[in-house]
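Source file: target.txt. Holds: compact mmCIF, C-alpha atoms.
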# COMPACT_ATOMS: atom_id res chain seq x y z
CA MET H 1 6.06 1.27 42.92
CA SER H 2 8.47 0.65 40.05
CA PHE H 3 7.22 0.31 36.50
CA ARG H 4 8.16 -3.40 36.43
CA THR H 5 6.18 -4.04 39.59
CA TYR H 6 3.22 -2.10 38.22
CA ARG H 7 3.38 -4.12 35.00
CA ALA H 8 3.49 -7.46 36.84
CA VAL H 9 0.63 -6.49 39.16
CA ASP H 10 -1.47 -5.19 36.27
CA LEU H 11 -0.99 -8.36 34.22
CA LEU H 12 -1.88 -10.43 37.28
CA ILE H 13 -5.03 -8.41 37.96
CA TRP H 14 -6.19 -8.74 34.36
CA LEU H 15 -5.42 -12.46 34.47
CA GLY H 16 -7.63 -12.79 37.54
CA ILE H 17 -10.44 -10.81 35.92
CA MET H 18 -10.17 -12.92 32.77
CA LEU H 19 -10.22 -16.26 34.59
CA LEU H 20 -13.14 -15.30 36.83
CA ALA H 21 -15.13 -13.99 33.85
CA GLU H 22 -14.39 -17.12 31.82
CA LEU H 23 -15.36 -19.45 34.67
CA LEU H 24 -18.67 -17.68 35.25
CA THR H 25 -19.44 -17.50 31.52
CA SER H 26 -18.58 -21.16 31.00
CA TYR H 27 -20.71 -22.21 33.98
CA ALA H 28 -23.67 -20.12 32.81
CA ALA H 29 -23.46 -21.37 29.22
CA ASN H 30 -23.12 -25.05 30.12
CA THR H 31 -25.75 -24.91 32.88
CA TRP H 32 -28.46 -22.80 31.27
CA LEU H 33 -27.76 -23.38 27.56
CA PRO H 34 -26.41 -26.94 27.24
CA GLY H 35 -25.78 -28.11 23.70
CA ILE H 36 -25.73 -24.60 22.21
CA SER H 37 -24.27 -24.31 18.71
CA PHE H 38 -22.10 -21.30 19.48
CA ALA H 39 -19.34 -20.36 21.94
CA VAL H 40 -19.53 -17.63 24.57
CA SER H 41 -16.17 -16.56 25.96
CA LEU H 42 -14.92 -13.41 27.69
CA THR H 43 -11.26 -14.41 27.42
CA PHE H 44 -10.90 -12.91 23.96
CA PRO H 45 -12.38 -9.45 24.69
CA ILE H 46 -10.25 -9.14 27.83
CA LEU H 47 -7.13 -10.16 25.93
CA ILE H 48 -7.64 -7.44 23.32
CA ILE H 49 -7.39 -4.97 26.21
CA VAL H 50 -4.32 -6.66 27.71
CA TYR H 51 -2.49 -6.66 24.37
CA MET H 52 -3.26 -2.96 23.96
CA ARG H 53 -1.86 -2.25 27.42
CA TRP H 54 1.24 -4.45 27.29
CA GLY H 55 1.88 -5.61 23.74
CA ALA H 56 3.59 -8.98 23.33
CA LEU H 57 3.59 -9.57 27.10
CA GLY H 58 -0.10 -10.30 26.68
CA ALA H 59 1.05 -13.73 25.48
CA ILE H 60 1.49 -14.72 29.13
CA ASN H 61 -2.20 -14.18 29.84
CA ALA H 62 -3.18 -15.60 26.45
CA GLY H 63 -1.35 -18.88 27.01
CA ILE H 64 -2.82 -19.34 30.48
CA GLY H 65 -6.23 -18.28 29.24
CA GLY H 66 -6.17 -20.78 26.39
CA PHE H 67 -5.50 -23.61 28.82
CA MET H 68 -8.07 -22.45 31.37
CA VAL H 69 -10.81 -22.16 28.73
CA CYS H 70 -10.47 -25.92 28.23
CA LEU H 71 -10.34 -26.66 31.96
CA PHE H 72 -13.39 -24.52 32.79
CA SER H 73 -15.37 -26.03 29.92
CA ASP H 74 -14.58 -29.51 31.18
CA ILE H 75 -15.42 -28.91 34.85
CA THR H 76 -18.66 -27.06 34.06
CA GLY H 77 -20.00 -29.81 31.82
CA GLY H 78 -18.94 -28.57 28.39
CA GLN H 79 -16.37 -30.09 26.05
CA ALA H 80 -14.03 -32.71 27.48
CA MET H 81 -10.44 -31.62 28.13
CA THR H 82 -8.15 -33.47 25.70
CA ALA H 83 -4.55 -32.87 24.63
CA GLU H 84 -5.71 -31.91 21.13
CA ARG H 85 -8.24 -29.44 22.48
CA ILE H 86 -5.67 -27.85 24.81
CA ILE H 87 -3.17 -27.44 21.96
CA THR H 88 -5.85 -25.94 19.73
CA SER H 89 -7.02 -23.47 22.38
CA VAL H 90 -3.55 -22.39 23.49
CA VAL H 91 -2.25 -21.96 19.93
CA GLY H 92 -5.32 -19.96 18.90
CA HIS H 93 -5.08 -17.61 21.85
CA LEU H 94 -1.33 -17.18 21.43
CA CYS H 95 -1.96 -16.11 17.83
CA LEU H 96 -3.30 -12.88 19.36
CA THR H 97 0.35 -11.95 19.84
CA VAL H 98 0.04 -10.59 16.31
CA ALA H 99 -1.24 -7.43 18.06
CA PRO H 100 2.10 -5.52 17.95
CA LEU H 101 2.28 -6.12 14.19
CA ILE H 102 -1.23 -4.68 13.85
CA PHE H 103 -0.16 -1.57 15.75
CA ILE H 104 2.93 -1.20 13.57
CA LEU H 105 0.74 -1.51 10.47
CA PHE H 106 -1.81 1.01 11.75
CA GLY H 107 0.97 3.42 12.72
CA LYS H 108 2.82 3.00 9.42
CA GLY H 109 5.89 1.70 11.21
CA ASP H 110 5.38 3.54 14.50
CA ILE H 111 3.93 1.17 17.11
CA LYS H 112 3.06 3.95 19.59
CA LYS H 113 1.24 5.90 16.91
CA GLY H 114 -0.54 2.70 15.87
CA ARG H 115 -1.78 2.10 19.39
CA ALA H 116 -2.99 5.68 19.68
CA THR H 117 -4.78 5.44 16.31
CA THR H 118 -6.42 2.18 17.35
CA ARG H 119 -7.76 3.77 20.52
CA GLU H 120 -8.76 7.17 19.14
CA LYS H 121 -10.54 6.17 15.92
CA TRP H 122 -13.58 3.97 16.41
CA TYR H 123 -13.28 2.26 13.02
CA MET H 124 -9.63 1.38 13.74
CA THR H 125 -10.71 -0.08 17.08
CA PHE H 126 -13.22 -2.29 15.26
CA LEU H 127 -10.63 -3.23 12.65
CA TYR H 128 -8.21 -4.20 15.43
CA VAL H 129 -10.85 -6.40 17.06
CA GLY H 130 -11.71 -7.96 13.69
CA ILE H 131 -8.09 -8.79 12.78
CA MET H 132 -7.44 -10.22 16.24
CA TYR H 133 -10.60 -12.32 15.95
CA LEU H 134 -9.50 -13.63 12.56
CA ALA H 135 -5.99 -14.43 13.85
CA MET H 136 -7.35 -16.38 16.82
CA ASN H 137 -9.75 -18.47 14.76
CA VAL H 138 -7.21 -19.16 12.05
CA GLY H 139 -4.93 -20.35 14.85
CA PHE H 140 -7.65 -22.65 16.18
CA ALA H 141 -8.24 -24.10 12.72
CA ALA H 142 -4.53 -24.54 11.93
CA ALA H 143 -3.85 -26.33 15.22
CA GLU H 144 -6.86 -28.63 14.90
CA SER H 145 -6.14 -29.42 11.26
CA ILE H 146 -2.63 -30.56 12.24
CA THR H 147 -3.46 -32.44 15.45
CA LEU H 148 -6.62 -34.14 14.15
CA GLN H 149 -5.79 -34.29 10.42
CA ARG H 150 -8.78 -32.25 9.30
CA GLU H 151 -9.25 -29.78 6.45
CA PHE H 152 -8.09 -26.28 7.32
CA PHE H 153 -10.51 -24.02 5.39
CA PRO H 154 -13.76 -25.68 6.50
CA LEU H 155 -12.45 -25.58 10.07
CA THR H 156 -11.66 -21.87 9.75
CA LEU H 157 -15.19 -21.10 8.58
CA ARG H 158 -16.65 -23.23 11.37
CA TYR H 159 -14.64 -21.47 14.06
CA LEU H 160 -15.43 -18.00 12.69
CA SER H 161 -19.12 -18.86 12.85
CA PHE H 162 -18.99 -20.79 16.13
CA ASN H 163 -17.29 -17.91 17.98
CA GLY H 164 -19.50 -15.19 16.49
CA VAL H 165 -21.19 -14.34 19.80
CA THR H 166 -17.76 -13.82 21.35
CA LEU H 167 -17.01 -11.32 18.58
CA ILE H 168 -20.20 -9.41 19.39
CA PHE H 169 -19.23 -9.26 23.07
CA SER H 170 -15.78 -8.04 22.06
CA VAL H 171 -17.13 -5.21 19.94
CA VAL H 172 -19.34 -4.08 22.82
CA VAL H 173 -16.37 -4.20 25.21
CA ALA H 174 -14.24 -2.21 22.76
CA ILE H 175 -16.91 0.49 22.49
CA VAL H 176 -17.05 0.81 26.28
CA VAL H 177 -13.33 0.76 27.11
CA ARG H 178 -11.88 2.89 24.32
CA LYS H 179 -13.15 6.12 25.87
CA THR H 180 -12.10 5.28 29.43
CA GLU H 181 -8.98 7.18 30.46
CA GLY H 182 -5.92 4.94 30.63
CA LEU H 183 -7.81 1.66 30.22
CA PHE H 184 -7.44 0.88 26.52
CA GLU H 185 -3.98 2.42 26.14
CA ASP H 186 -0.29 1.55 26.11
CA GLN H 187 0.61 1.76 29.80
CA LYS H 188 4.13 3.12 29.38
CA THR H 189 2.78 6.01 27.30
CA TYR H 190 -0.03 6.52 29.82
CA MET H 191 2.31 6.62 32.81
CA PHE H 192 4.67 9.06 31.07
CA ARG H 193 1.71 11.31 30.26
CA LEU H 194 0.50 11.26 33.85
CA GLU H 195 3.95 12.14 35.13
CA ARG H 196 4.27 15.00 32.62
CA GLU H 197 0.87 16.34 33.65
CA ARG H 198 1.87 16.19 37.33
CA LEU H 199 5.05 18.14 36.64
CA GLU H 200 3.17 20.74 34.62
CA GLN H 201 0.58 21.13 37.37
CA ARG H 202 3.33 21.44 39.99
CA GLN H 203 5.02 24.17 37.96
CA LYS H 204 1.74 26.04 37.63
CA ASN H 205 1.17 25.82 41.37
CA ASN H 206 4.69 27.11 42.06
CA HIS H 207 4.11 30.14 39.82
CA ALA H 208 0.64 30.87 41.16
Will you turn the file into structure tokens for me?
Amino acid sequence: MSFRTYRAVDLLIWLGIMLLAELLTSYAANTWLPGISFAVSLTFPILIIVYMRWGALGAINAGIGGFMVCLFSDITGGQAMTAERIITSVVGHLCLTVAPLIFILFGKGDIKKGRATTREKWYMTFLYVGIMYLAMNVGFAAAESITLQREFFPLTLRYLSFNGVTLIFSVVVAIVVRKTEGLFEDQKTYMFRLERERLEQRQKNNHA
């Protein structure tokens, strides 16, 4: 399998996982906890993994995810699906494409080093999740303030509070995945490392 094929398949698999998780979460929330004053979504925690694995290409999954969050909420009895809501959701999720800039910042100009630092140091993992969470909610607020002519700062505070449970889920997910080999890691770097380890093992076997 070529690297491009692997990348496409991996993005597709994560998209499927994200959509299934979001559908089940939306159904559960709107069926068992109707009228709740907070949002529960697994799209965000899955996207923080996808952006770690593939960088800006995560925008593909983010854009689709933003739309599907609205669709699933509508069909499971949550918020109605309107043009303004779709724009708000898609823009907010696409704001997660700030991830490569975060890695560059963490790596002091070196994006690969930034990714490694984010994965290896628990407090940098949490900082990554926190910045991504802020970027998404600021995106929500900015889009809604433009489409519905509402005040930006109160909207930002409302979204940060409203999505707080999603943030908690995301922190838990980050704790779990950061120690799993190859899961929360740049996939090109991971594949190169695996190939290098195979070659080294082969050389050892040949000299044994």
Near stretch 83-98 of chain H, 12 Å: stretch 105-134 of chain H residue rows, closest pairs, all atoms listed in the file, as a tab-separated table:
residue	atom	partner	partner_atom	distance
H:Leu105	CA	H:Val98	CA	10.8
H:Tyr128	CA	H:Val98	CA	10.5
H:Val129	CA	H:Leu96	CA	10.2
H:Gly130	CA	H:Leu96	CA	11.3
H:Ile131	CA	H:Val98	CA	9.0
H:Met132	CA	H:Leu96	CA	5.8
H:Tyr133	CA	H:Leu96	CA	8.1
H:Leu134	CA	H:Leu96	CA	9.2
(message) At a cut-off of 12 Å, using only C-alpha atoms, what residues contact H:Val165? Leave out same-chain residues fewer than 4 positions from it and give the result as JSON, numbers by chain.
(response) {"H": [29, 36, 37, 38, 39, 40, 41, 42, 44, 45, 133, 159, 160, 161, 169, 170, 171, 172]}
Generate a file of the selected residues that holds C-alpha atoms, formatted as a PDB file, keeping the file's coordinate frame.
ATOM      1  CA  ALA H  29     -23.460 -21.370  29.220  1.00  0.00           C
ATOM      2  CA  ILE H  36     -25.730 -24.600  22.210  1.00  0.00           C
ATOM      3  CA  SER H  37     -24.270 -24.310  18.710  1.00  0.00           C
ATOM      4  CA  PHE H  38     -22.100 -21.300  19.480  1.00  0.00           C
ATOM      5  CA  ALA H  39     -19.340 -20.360  21.940  1.00  0.00           C
ATOM      6  CA  VAL H  40     -19.530 -17.630  24.570  1.00  0.00           C
ATOM      7  CA  SER H  41     -16.170 -16.560  25.960  1.00  0.00           C
ATOM      8  CA  LEU H  42     -14.920 -13.410  27.690  1.00  0.00           C
ATOM      9  CA  PHE H  44     -10.900 -12.910  23.960  1.00  0.00           C
ATOM     10  CA  PRO H  45     -12.380  -9.450  24.690  1.00  0.00           C
ATOM     11  CA  TYR H 133     -10.600 -12.320  15.950  1.00  0.00           C
ATOM     12  CA  TYR H 159     -14.640 -21.470  14.060  1.00  0.00           C
ATOM     13  CA  LEU H 160     -15.430 -18.000  12.690  1.00  0.00           C
ATOM     14  CA  SER H 161     -19.120 -18.860  12.850  1.00  0.00           C
ATOM     15  CA  PHE H 169     -19.230  -9.260  23.070  1.00  0.00           C
ATOM     16  CA  SER H 170     -15.780  -8.040  22.060  1.00  0.00           C
ATOM     17  CA  VAL H 171     -17.130  -5.210  19.940  1.00  0.00           C
ATOM     18  CA  VAL H 172     -19.340  -4.080  22.820  1.00  0.00           C
TER      19      VAL H 172
END
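Comparing the minimum interatomic distances between H:Leu167 and each of H:Arg193, H:Glu181, H:Leu127, H:Gly66, counting all atoms listed in the file, we find that H:Leu127 sits nearest.
Atom CA of H:Glu185 is found 5.3 Å from atom CA of H:Arg53.
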(message) Could you tell me how far atom CA of H:Ile111 sits from atom CA of H:Gly139, in Å to one decimal place?
(response) 23.4 Å
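For the residues H:Ser73, H:Gln79, H:Thr117, H:Asn205, ranking by smallest atom-to-atom distance to H:Phe103 using all atoms listed in the file places H:Thr117 first.
Take the candidates H:Tyr123, H:Cys70, H:Leu20, H:Val173 and check each one against H:Thr82 using only C-alpha atoms; the shortest distance goes to H:Cys70.
Neighbouring residues of H:Gly55 at 8 Å or closer, counting all atoms listed in the file and skipping chain neighbours under 4 positions away, are Val50, Tyr51, Thr97, Ala99, Pro100 and Asp186 of chain H.
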(message) Between atom CA of H:Arg119 and atom CA of H:Arg178, what distance in Å does the model show, to one decimal?
(response) 5.7 Å
Please write out, as JSON, where the centre of an axis-aligned box around all listed atoms of stretch 79-91 of chain H lies and how long its edges are, in Å to one decimal, after adding 4 Å on each side.
{"center_x": -9.3, "center_y": -27.7, "center_z": 23.9, "size_x": 22.1, "size_y": 19.5, "size_z": 16.4}
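With all atoms listed in the file as the atoms that count, the residue of H:Leu47, H:Leu23, H:Arg4, H:Ile102 with the shortest distance to H:Gly78 is H:Leu23.
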(message) Please list as a ChimeraX atom specification every residue within 12 Å of H:Phe3, counting only C-alpha atoms and excluding residues in the same chain fewer than 2 positions away.
(response) /H:1,5-10,54,187-192
